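Visitor: Sharing a structure below in structure tokens format, with a few things to ask.
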Amino acid sequence: MHGVALLLAAAAAGHVAARVGRLPPIPFLLLAGVALSILHRPSTGTLQEALVLGTALLVFVAGLELDLRRVRARWRAALLVGTVQFTALGGLGLAAASALGLRAVEAGYVALALAASSTLVGVRLLQRRQQLFEPFGRLVVGVLLLQDALVLLLVPFVSLIGGSWADTLPRLGAVAILAGSSLAVRRWLAPLFLGAAGEGEVQLVGALAVLFAFMGAAVGLGLPLVVGAFLAGASLSTFPVSAYVRAELTPVGDFFAAVFFVALGSVVGVPGPAQLLQAGVLTLLVVTATPLLVTLVAERAGLSARSSIEAGLLLAQTSEISLVVGLSGLAAGHLSGSTFTVLALVTGGTMLLTPFLSDEAVAWRLTHLHPARWLRRPRGGPPVGHVLLAGCGSTGRRVLDVLVTQGRPILVMDEDPAVLRALDAAGVATVRGDVSDSGALDRAGIERADAVVSTVHRPRDNAALLRRVAGRSRTLVRVFDEEDARWVETLGGVAVLASEVTAEAFLAWYDGEKAGLEARREARIEGARSPGVPGGLSAAATPRPLPPS
Amino acid sequence: MSDAAILFDLGLVVTGGALLLVATRLLGLPPILAYLLAGLGLGPLTGVLRVSPSLELFSEIGVSLLLFLVGLELSLARVREVGRTALVAGVWQVLVTLAGGALLASAFGFGPREALLLGLVTAFSSTVVVIKLLDRVGGLEETWGRVSIGVLLVQDVLVAIALTLLAGLGTGGAAPDPVGIAGGLARSFGGMALLVGVAAAAVRWGLPVLLGWLARTREALFIASLTWCFGFILAAEAMHVSTELGAFVAGVALAQLPESRVLRRYVHPLVDFFIVVFFVSLGAGLDPGGSGVDWPAALALSLFVLLVKPAIVTFLLLRTGHGGREALLAGLTLGQVSEFGFVLVALAVGAGLASPSLVALVGIVGLLTIGASALLAPRGGRVYELLSVRLGIPFPEPRADGTRPEPPAGHVVVVGMNTLGRRVVEGLAERGESVVAVDTDEEKLAGLPARRVVGDVGLPDVLEEADLSGALLLVSALRIEDVNGLLTHRCREEGVPVSVHAFESGQVEELLEAGADHLMVSKHEAARRLIGELRAAGVVG
């Protein structure tokens with residue numbers, strides 16, 4: 001009990017510290033663990049159990065997240081970016097590790113650890129900035145999911161480096177068997193969970209049973225536990241099963257995760273100068289190589305320059321899965337304690353840097369450094385008396401469609417090369433550029449436009465635009481919240497508050513539908529009342545019975 | 001990971017539990033039975049699982065967290081409400097059951113010491129089982145349920161006294177030590193008082209600010225609250241007070257703060273997990289086999305616990321003014337022996353105060369009574385009917401009118417208090433509709449003309465609190481794809497109409513397929529308005 005309490009207390013301290021700086025908690029949990037190891041180290045048994053259980057649940061949850069619907073249209077780009085980043089960073093990691101004097105197998109583990117970016121950190125930041133569903137957000141999520149899968153499924157093969165390769169085929173076979181079982185569970189067993197909707201306990205026990213069964217199978221097949229845990233999670237990752245399971249599992253997962261990271265810190269202990277140096281080198285590698293690589297490939301894959309840079313910066317860290325991989329190597333005796341400490345340092349350090357690196361201001365500055373290779377002049381000379389459409393996503397497109405039927409001169413400004421290609425093909429005049437870039441605004445002839453309609457993702461980007469056209473032409477800006485609406489109006493534009501118009505549309509629908517809704521409710525309540533059973537407490541599987549009528 | 005033993009043990013526990021859970025669900029039996037049977041199967045029957053110290057720790061944590069959760073559900077007002085009744089009922093029940101059980105045991109030929117021991121075993125009820133049963137029948141919200149919990153807590157205190165007395169009575173033939181006993185009792189009560197004092201002080205100064213600041217980050221709040229709970233557990237241990245009571249005090253302290261609502265829902269699944277381990281370990285640790293078990297005695301004692309004990313509790317509750325039905329329900333939930341009884345007997349046998357065959361005897365009584373009460377208690381309503389209608393036993397009506405407030409009917413549930421959500425709430429309220437607004441962030445719910453529910457709709461009971469089943473419509477203004485999908489799914493299951501915010505065109509088809517009745521497609525609406533504005537400006541014809 002004491003051990004658990006200590007770990008929890010350290011975890012609480014770590015969380016509080018992270019909260020103060022609004023930074024990712026994992027580095028602070030690691031630090032708390034290190035501090036704990038100095039002050040009052042918990043027993044080895046407790047630490048080991050915390051690490052084992054924490055690993056199992058962490059990886060299980062990672063598997064649960066494997067829902068491709070979150071990636072949607074960006075899956076191809078994610079596949080490309082993810083594979084390139086994984087391979088390149090893995091290779092660079094291997095090279096760096098060898099240069100630092102590590103053995104082949106150890107270097108392999110280091111390579112694998114560097115190749116993964118942190119799902120926990122990345123998704124949390126995207127959520128906080130409300131960018132999870134923007135194109136680059138979806139790309140990042142896709143990359144993260146891909147990397148988790150690649151890293152974990154490659155763990156069984158790392159130990160073969162520098163050793164006998166004869167085991168490769170049997171291991172591949174084992175992984176294939178387990179993966180096949182995962183698919184089978186996903187198809188036939190997972191839907192059964194829906195039958196227990198509302199009975200959290202049943203879903204919790206069921207999900208955990210799946211986890212332990214897969215881990216047992218993994219051990220039986222001679223594979224590391226983490227492979228089993230991951231495939232178990234993947235088997236339950238279909239919608240809506242994953243949502244129900246996650247609801248039950250999150251508290252348990254959070255508890256063991258907190259304890260896990262603290263225990264890890266305790267195991268790692270205080271680093272020495274050699275380890276700090278090695279960690280520094282690898283951190284630099286991750287933080288510089290990742291944004292470069294990702295930016296290059298993401299642009300190739302069709303993202304705008306800015307989105308690519310943002311994605312690259314957001315992916316510039318190593319993952320909690322890296323720690324799991326390191327632990328796996330440590331336990332198997334392939335990785336030395338010193339190298340593991342280095343990995344922990346790199347992970348903690350890069351995670352701490354990410355919020356700063358991926359800050360909008362940094363992305364902005366880097367975008368300006370980016371060579372604007374695809375400058376495009378509009379056809380037929382500089383435009384006059386046109387309607388300028390800044391941003392041509394689904395909203396802009398609808399406006400464009402109406403404008404086109406009117407025969408008005410139109411100019412569309414967008415960053416997305418795919419969008420521009422489609423518009424060119426349709427014969428619409430385009431200008432490639434970002435709405436906050438005054439050069440692009442020049443080329444778009446902003447001062448001579450009759451009207452400007454901006455539907456860009458981030459309303460505040462319209463600052464430069466608004467300042468240049470203030471009052472001169474009719475400038476319509478689509479915004480999402482009231483503060484932005486007020487800001488636009490202050491600068492002389494006309495704000496179209498998406499939420500306001502949507503709410504109005506809803507209320508109009510509601511007024512018309514109300515009678516129908518009431519009728520449906522009556523019917524539903526009548527149907528639920530079972531005739532003839534006077535007010536007894538129901539013994540059926542419902543957790544909360546209806547009060548006696 | 002060199003020490004995978006815990007994984008193996010937990011794996012057996014969880015898998016065994018899950019398999020039997022499926023079986024018992026098909027038969028309509030309660031989960032508790034599933035876990036007990038799983039434990040029996042894994043332990044005594046096949047010998048595959050041995051209850052290791054780690055599993056014991058998990059069980060201990062489970063019981064303490066359970067009491068923490070119970071504390072979280074109570075407010076001080078409610079504690080005071082049932083305090084006196086519980087105290088009176090608890091003390092009387094223990095004394096009467098103790099006497100009755102001891103008499104019955106001696107009638108079967110057990111010596112005075114053993115009879116007393118068996119009497120003690122029958123007197124106490126299982127905190128874990130009772131609370132699980134109450135949770136299942138929705139009794140945690142009722143007054144009679146809280147009385148049951150009060151009785152359990154009183155029993156806890158009495159257990160502490162009993163243990164102190166036993167320790168003071170010494171082993172075998174040593175002389176009793178009155179000073180030692182008095183000292184032990186003083187320490188226990190002093191410890192309790194200190195814990196309560198610290199809790200009260202913290203709630204007054206510091207805790208509200210700290211938790212309020214942490215509330216934004218759910219994980220941080222959760223871990224901090226658990227740390228608080230464990231702090232009290234350790235303190236209780238140090239002061240020789242039961243850890244359950246310590247956890248309970250920690251929970252009641254937090255229940256005074258608004259963050260407890262969110263916490264409760266979050267702690268629940270964690271407790272569920274540890275409690276599964278508890279029950280399976282309990283089953284695995286039983287030893288019902290063993291030759292020389294006095295079956296008639298076992299059956300008689302079980303019947304006593306199953307029938308007479310609830311009768312005693314029911315009678316006492318009737319005397320304190322509760323209605324017949326409520327009193328009976330409370331009695332039925334308390335009709336089993338406590339796992340503490342096994343501990344007690346094991347201690348006694350170890351100290352040479354009782355013969356080893358008692359262990360198996362108590363094991364059987366435990367199994368029978370826990371299983372039977374788990375079956376009976378949820379059917380309490382029917383038992384009441386049986387007794388009052390068919391057998392014509394006159395049960396008095398309740399003195400005070402304990403009606404529950406009627407849940408809101410014909411209301412609209414709006415989830416997600418972003419700008420869109422707030423506008424929808426305000427618009428509906430203007431039309432005179434009754435609205436329930438849901439959000440994870442309490443601040444976002446401020447100043448709205450609606451009943452407020454703070455919570456994450458991803459968690460199961462939040463929608464229950466918003467009374468989804470009685471709603472006219474659910475509106476989700478959230479800009480979170482998977483939660484919107486989940487809500488659509490839930491509403492379709494319940495048959496409630498749902499209007500969802502489709503903030504990206506790609507979601508439209510999916511949501512309609514999933515059964516959404518109406519979509520708020522913000523991008524289309526924005527485009528419509530932009531075109532409208534262009535028309536108004538004469539830019540477009």
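Lettering and numbering for the structure tokens are positional, with chains as A, B, ... in the shown order, residues counted from 1 in each chain, and ligands counted from 1 in the shown order.
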For chain A, work out the contacting residues on chain B at 7 Å, counting only C-alpha atoms, and write them as a PyMOL selection string.
Guide: chain B and resi 1-3+6+11+14-15+18+28+57+136-138+219-220+223-224+227+230+266-267+269-270+272+378-382+419-420+423-424+427+458-460+472+486+520+522-527+530-531+540
Visitor: Those residues with C-alpha atoms, as an mmCIF file, in the first residue's frame please?
Guide:
data_model
loop_
_atom_site.group_PDB
_atom_site.id
_atom_site.type_symbol
_atom_site.label_atom_id
_atom_site.label_comp_id
_atom_site.auth_asym_id
_atom_site.auth_seq_id
_atom_site.Cartn_x
_atom_site.Cartn_y
_atom_site.Cartn_z
ATOM 1 C CA MET B 1 9.563 -7.305 -17.630
ATOM 2 C CA SER B 2 10.920 -9.986 -15.380
ATOM 3 C CA ASP B 3 8.102 -10.120 -12.916
ATOM 4 C CA ILE B 6 1.105 -10.319 -11.514
ATOM 5 C CA GLY B 11 -5.022 -12.592 -16.368
ATOM 6 C CA VAL B 14 -10.030 -11.276 -15.355
ATOM 7 C CA THR B 15 -10.461 -14.041 -17.919
ATOM 8 C CA ALA B 18 -15.274 -12.584 -17.851
ATOM 9 C CA GLY B 28 -29.912 -13.540 -15.291
ATOM 10 C CA LEU B 57 -3.145 -5.691 -2.116
ATOM 11 C CA ARG B 136 -27.476 -2.309 -8.691
ATOM 12 C CA VAL B 137 -30.921 -1.554 -7.341
ATOM 13 C CA GLY B 138 -30.403 2.188 -7.303
ATOM 14 C CA GLU B 219 -6.157 13.395 -15.200
ATOM 15 C CA ALA B 220 -4.534 15.744 -12.735
ATOM 16 C CA ILE B 223 -4.641 11.477 -9.587
ATOM 17 C CA ALA B 224 -4.641 14.214 -6.970
ATOM 18 C CA THR B 227 -3.492 10.656 -3.635
ATOM 19 C CA PHE B 230 -4.429 7.073 -0.164
ATOM 20 C CA TYR B 266 -14.274 8.723 -13.137
ATOM 21 C CA VAL B 267 -13.530 6.717 -9.998
ATOM 22 C CA PRO B 269 -14.685 2.124 -13.353
ATOM 23 C CA LEU B 270 -11.450 2.035 -11.398
ATOM 24 C CA ASP B 272 -15.098 -1.827 -10.603
ATOM 25 C CA PRO B 378 -32.526 -7.121 -6.421
ATOM 26 C CA ARG B 379 -35.854 -8.913 -6.257
ATOM 27 C CA GLY B 380 -36.738 -7.136 -3.040
ATOM 28 C CA GLY B 381 -39.811 -5.569 -4.522
ATOM 29 C CA ARG B 382 -41.312 -8.953 -5.240
ATOM 30 C CA THR B 419 -21.043 29.330 -29.090
ATOM 31 C CA LEU B 420 -23.417 27.164 -31.082
ATOM 32 C CA ARG B 423 -27.201 29.886 -28.782
ATOM 33 C CA VAL B 424 -29.284 26.760 -29.143
ATOM 34 C CA GLY B 427 -33.093 29.973 -28.410
ATOM 35 C CA GLY B 458 -18.450 9.767 -23.247
ATOM 36 C CA LEU B 459 -18.984 8.345 -19.765
ATOM 37 C CA PRO B 460 -22.150 6.274 -19.346
ATOM 38 C CA LEU B 472 -37.769 15.199 -26.421
ATOM 39 C CA LEU B 486 -21.212 7.984 -30.142
ATOM 40 C CA MET B 520 -26.528 21.169 -38.259
ATOM 41 C CA SER B 522 -22.418 24.833 -40.109
ATOM 42 C CA LYS B 523 -20.449 25.172 -43.298
ATOM 43 C CA HIS B 524 -23.539 25.084 -45.490
ATOM 44 C CA GLU B 525 -25.350 27.564 -43.284
ATOM 45 C CA ALA B 526 -22.370 29.902 -43.291
ATOM 46 C CA ALA B 527 -22.192 29.706 -47.078
ATOM 47 C CA LEU B 530 -22.432 34.712 -47.090
ATOM 48 C CA ILE B 531 -24.367 34.468 -50.334
ATOM 49 C CA VAL B 540 -24.818 39.086 -56.598
#
Visitor: Based on the backbone DSSP call, show me all residues of stretch 193-419 of chain A assigned alpha helix (DSSP H), as a ChimeraX atom specification.
Guide: /A:200-220,225-235,241-268,273-300,305-314,320-331,337-357,360-369,394-406,417-419
Visitor: To test your reading of the structure, identify every residue in stretch 232-446 of chain B that backbone DSSP assigns to strand (DSSP E), and report it as a ChimeraX atom specification.
Guide: /B:412-415,435-439
Visitor: Generate the output file for the selected residues, N, CA, C and O atoms, as a compact mmCIF listing (two decimals), in the first residue's frame.
Guide:
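out.txt, freshly written:
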# COMPACT_ATOMS: atom_id res chain seq x y z
N VAL B 412 -35.24 19.21 -23.65
CA VAL B 412 -34.25 19.05 -24.72
C VAL B 412 -32.87 19.03 -24.07
O VAL B 412 -32.55 19.89 -23.27
N VAL B 413 -32.08 18.03 -24.42
CA VAL B 413 -30.72 17.95 -23.90
C VAL B 413 -29.78 18.55 -24.93
O VAL B 413 -29.80 18.16 -26.09
N VAL B 414 -28.98 19.52 -24.51
CA VAL B 414 -28.02 20.13 -25.44
C VAL B 414 -26.62 19.86 -24.91
O VAL B 414 -26.30 20.18 -23.77
N VAL B 415 -25.80 19.26 -25.75
CA VAL B 415 -24.45 18.89 -25.33
C VAL B 415 -23.43 19.79 -26.01
O VAL B 415 -23.47 19.98 -27.22
N VAL B 435 -34.73 22.99 -20.82
CA VAL B 435 -33.46 22.58 -21.42
C VAL B 435 -32.50 22.03 -20.38
O VAL B 435 -32.42 22.54 -19.26
N VAL B 436 -31.78 20.98 -20.74
CA VAL B 436 -30.70 20.47 -19.90
C VAL B 436 -29.40 20.66 -20.69
O VAL B 436 -29.26 20.13 -21.78
N ALA B 437 -28.48 21.44 -20.13
CA ALA B 437 -27.22 21.72 -20.82
C ALA B 437 -26.10 20.88 -20.23
O ALA B 437 -25.96 20.78 -19.02
N VAL B 438 -25.33 20.26 -21.10
CA VAL B 438 -24.25 19.39 -20.64
C VAL B 438 -22.92 19.87 -21.19
O VAL B 438 -22.80 20.17 -22.37
N ASP B 439 -21.90 19.91 -20.32
CA ASP B 439 -20.54 20.23 -20.78
C ASP B 439 -19.56 19.73 -19.76
O ASP B 439 -19.90 19.55 -18.59
Visitor: Between A:Gly90, A:Pro409, A:Pro291, A:Pro383, which residue has the minimum interatomic distance to A:Arg443, considering only C-alpha atoms?
Guide: A:Pro383
Visitor: Report as a list in words all protein, DNA and RNA residues lying within 10 Å of B:Leu367, evaluated on only C-alpha atoms, omitting residues in the same chain fewer than 2 positions from it.
Guide: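 That gives Leu33, Leu36, Leu37, Leu40, Leu282, Gly283, Leu286, Pro288, Ser302, Gln336, Val337, Glu339, Val362, Gly363, Ile364, Val365, Thr369, Ile370, Gly371 and Ala372 of chain B.
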Visitor: Would you save the residues from that selection as a compact mmCIF listing (two decimals), in the first residue's frame, using C-alpha atoms?
Guide:
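Okay, this is what ended up in part-v7.txt:
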# COMPACT_ATOMS: atom_id res chain seq x y z
CA LEU B 33 -21.86 -14.72 -8.22
CA LEU B 36 -17.15 -15.83 -6.67
CA LEU B 37 -17.66 -18.88 -8.82
CA LEU B 40 -13.85 -21.01 -6.65
CA LEU B 282 -12.32 -14.12 -2.14
CA GLY B 283 -13.66 -17.10 -4.01
CA LEU B 286 -12.31 -20.06 0.25
CA PRO B 288 -15.38 -25.18 1.20
CA SER B 302 -26.77 -19.54 6.62
CA GLN B 336 -24.98 -11.97 4.33
CA VAL B 337 -21.78 -12.40 6.28
CA GLU B 339 -15.47 -11.31 4.33
CA VAL B 362 -17.52 -20.15 7.66
CA GLY B 363 -16.44 -20.44 4.05
CA ILE B 364 -19.62 -22.29 3.15
CA VAL B 365 -21.80 -19.90 5.10
CA THR B 369 -25.22 -16.09 2.07
CA ILE B 370 -23.36 -13.85 -0.35
CA GLY B 371 -24.76 -15.72 -3.30
CA ALA B 372 -28.27 -15.84 -1.96
Visitor: Hey, which of B:Val91, B:Leu368, B:Ala215, B:Ala247 ends up closest to B:Trp228? Count only C-alpha atoms.
Guide: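 The shortest atom-to-atom distance to B:Trp228 comes from B:Ala247.
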Visitor: Tell me, as number ranges by chain, which residues lie within 9 Å of A:Ile321, counting only C-alpha atoms; anything in the same chain fewer than 5 positions away does not count.
Guide: A: 55, 58-59, 62, 113, 116-119, 148, 151-152, 326
Visitor: Excluding B:Phe503 and any residue of its chain fewer than 2 positions from it, enumerate the residues within 10 Å of it, using only C-alpha atoms, and give them as a list in words.
Guide: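 Listing them by chain and then by number gives Phe133 of chain A; Ala477, Leu478, Arg479, Ile480, Glu481, Val500, His501, Ser505, Gly506, Gln507, Val508, Leu519, Met520, Val521, Ser522, Lys523 and His524 of chain B.
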Visitor: Please produce a file of the residues just selected, as a PDB file, in the first residue's frame, where the atoms kept are C-alpha atoms.
Guide:
ATOM      1  CA  PHE A 133     -10.119  17.833 -37.531  1.00  0.00           C
TER       2      PHE A 133
ATOM      3  CA  ALA B 477     -23.150  21.147 -30.769  1.00  0.00           C
ATOM      4  CA  LEU B 478     -19.794  19.525 -30.192  1.00  0.00           C
ATOM      5  CA  ARG B 479     -16.959  19.828 -32.639  1.00  0.00           C
ATOM      6  CA  ILE B 480     -15.647  16.408 -31.672  1.00  0.00           C
ATOM      7  CA  GLU B 481     -16.214  13.788 -34.301  1.00  0.00           C
ATOM      8  CA  VAL B 500     -25.929  16.661 -34.563  1.00  0.00           C
ATOM      9  CA  HIS B 501     -23.391  19.274 -35.549  1.00  0.00           C
ATOM     10  CA  SER B 505     -19.026  17.789 -45.070  1.00  0.00           C
ATOM     11  CA  GLY B 506     -17.494  14.324 -44.890  1.00  0.00           C
ATOM     12  CA  GLN B 507     -19.463  13.606 -41.738  1.00  0.00           C
ATOM     13  CA  VAL B 508     -22.889  14.237 -43.229  1.00  0.00           C
ATOM     14  CA  LEU B 519     -27.857  17.731 -38.990  1.00  0.00           C
ATOM     15  CA  MET B 520     -26.528  21.169 -38.259  1.00  0.00           C
ATOM     16  CA  VAL B 521     -24.142  21.634 -41.123  1.00  0.00           C
ATOM     17  CA  SER B 522     -22.418  24.833 -40.109  1.00  0.00           C
ATOM     18  CA  LYS B 523     -20.449  25.172 -43.298  1.00  0.00           C
ATOM     19  CA  HIS B 524     -23.539  25.084 -45.490  1.00  0.00           C
TER      20      HIS B 524
END
Visitor: Between B:Met417, B:Leu376, B:Leu316, B:Val293, single out the one closest to B:Ala360, counting only C-alpha atoms.
Guide: B:Val293
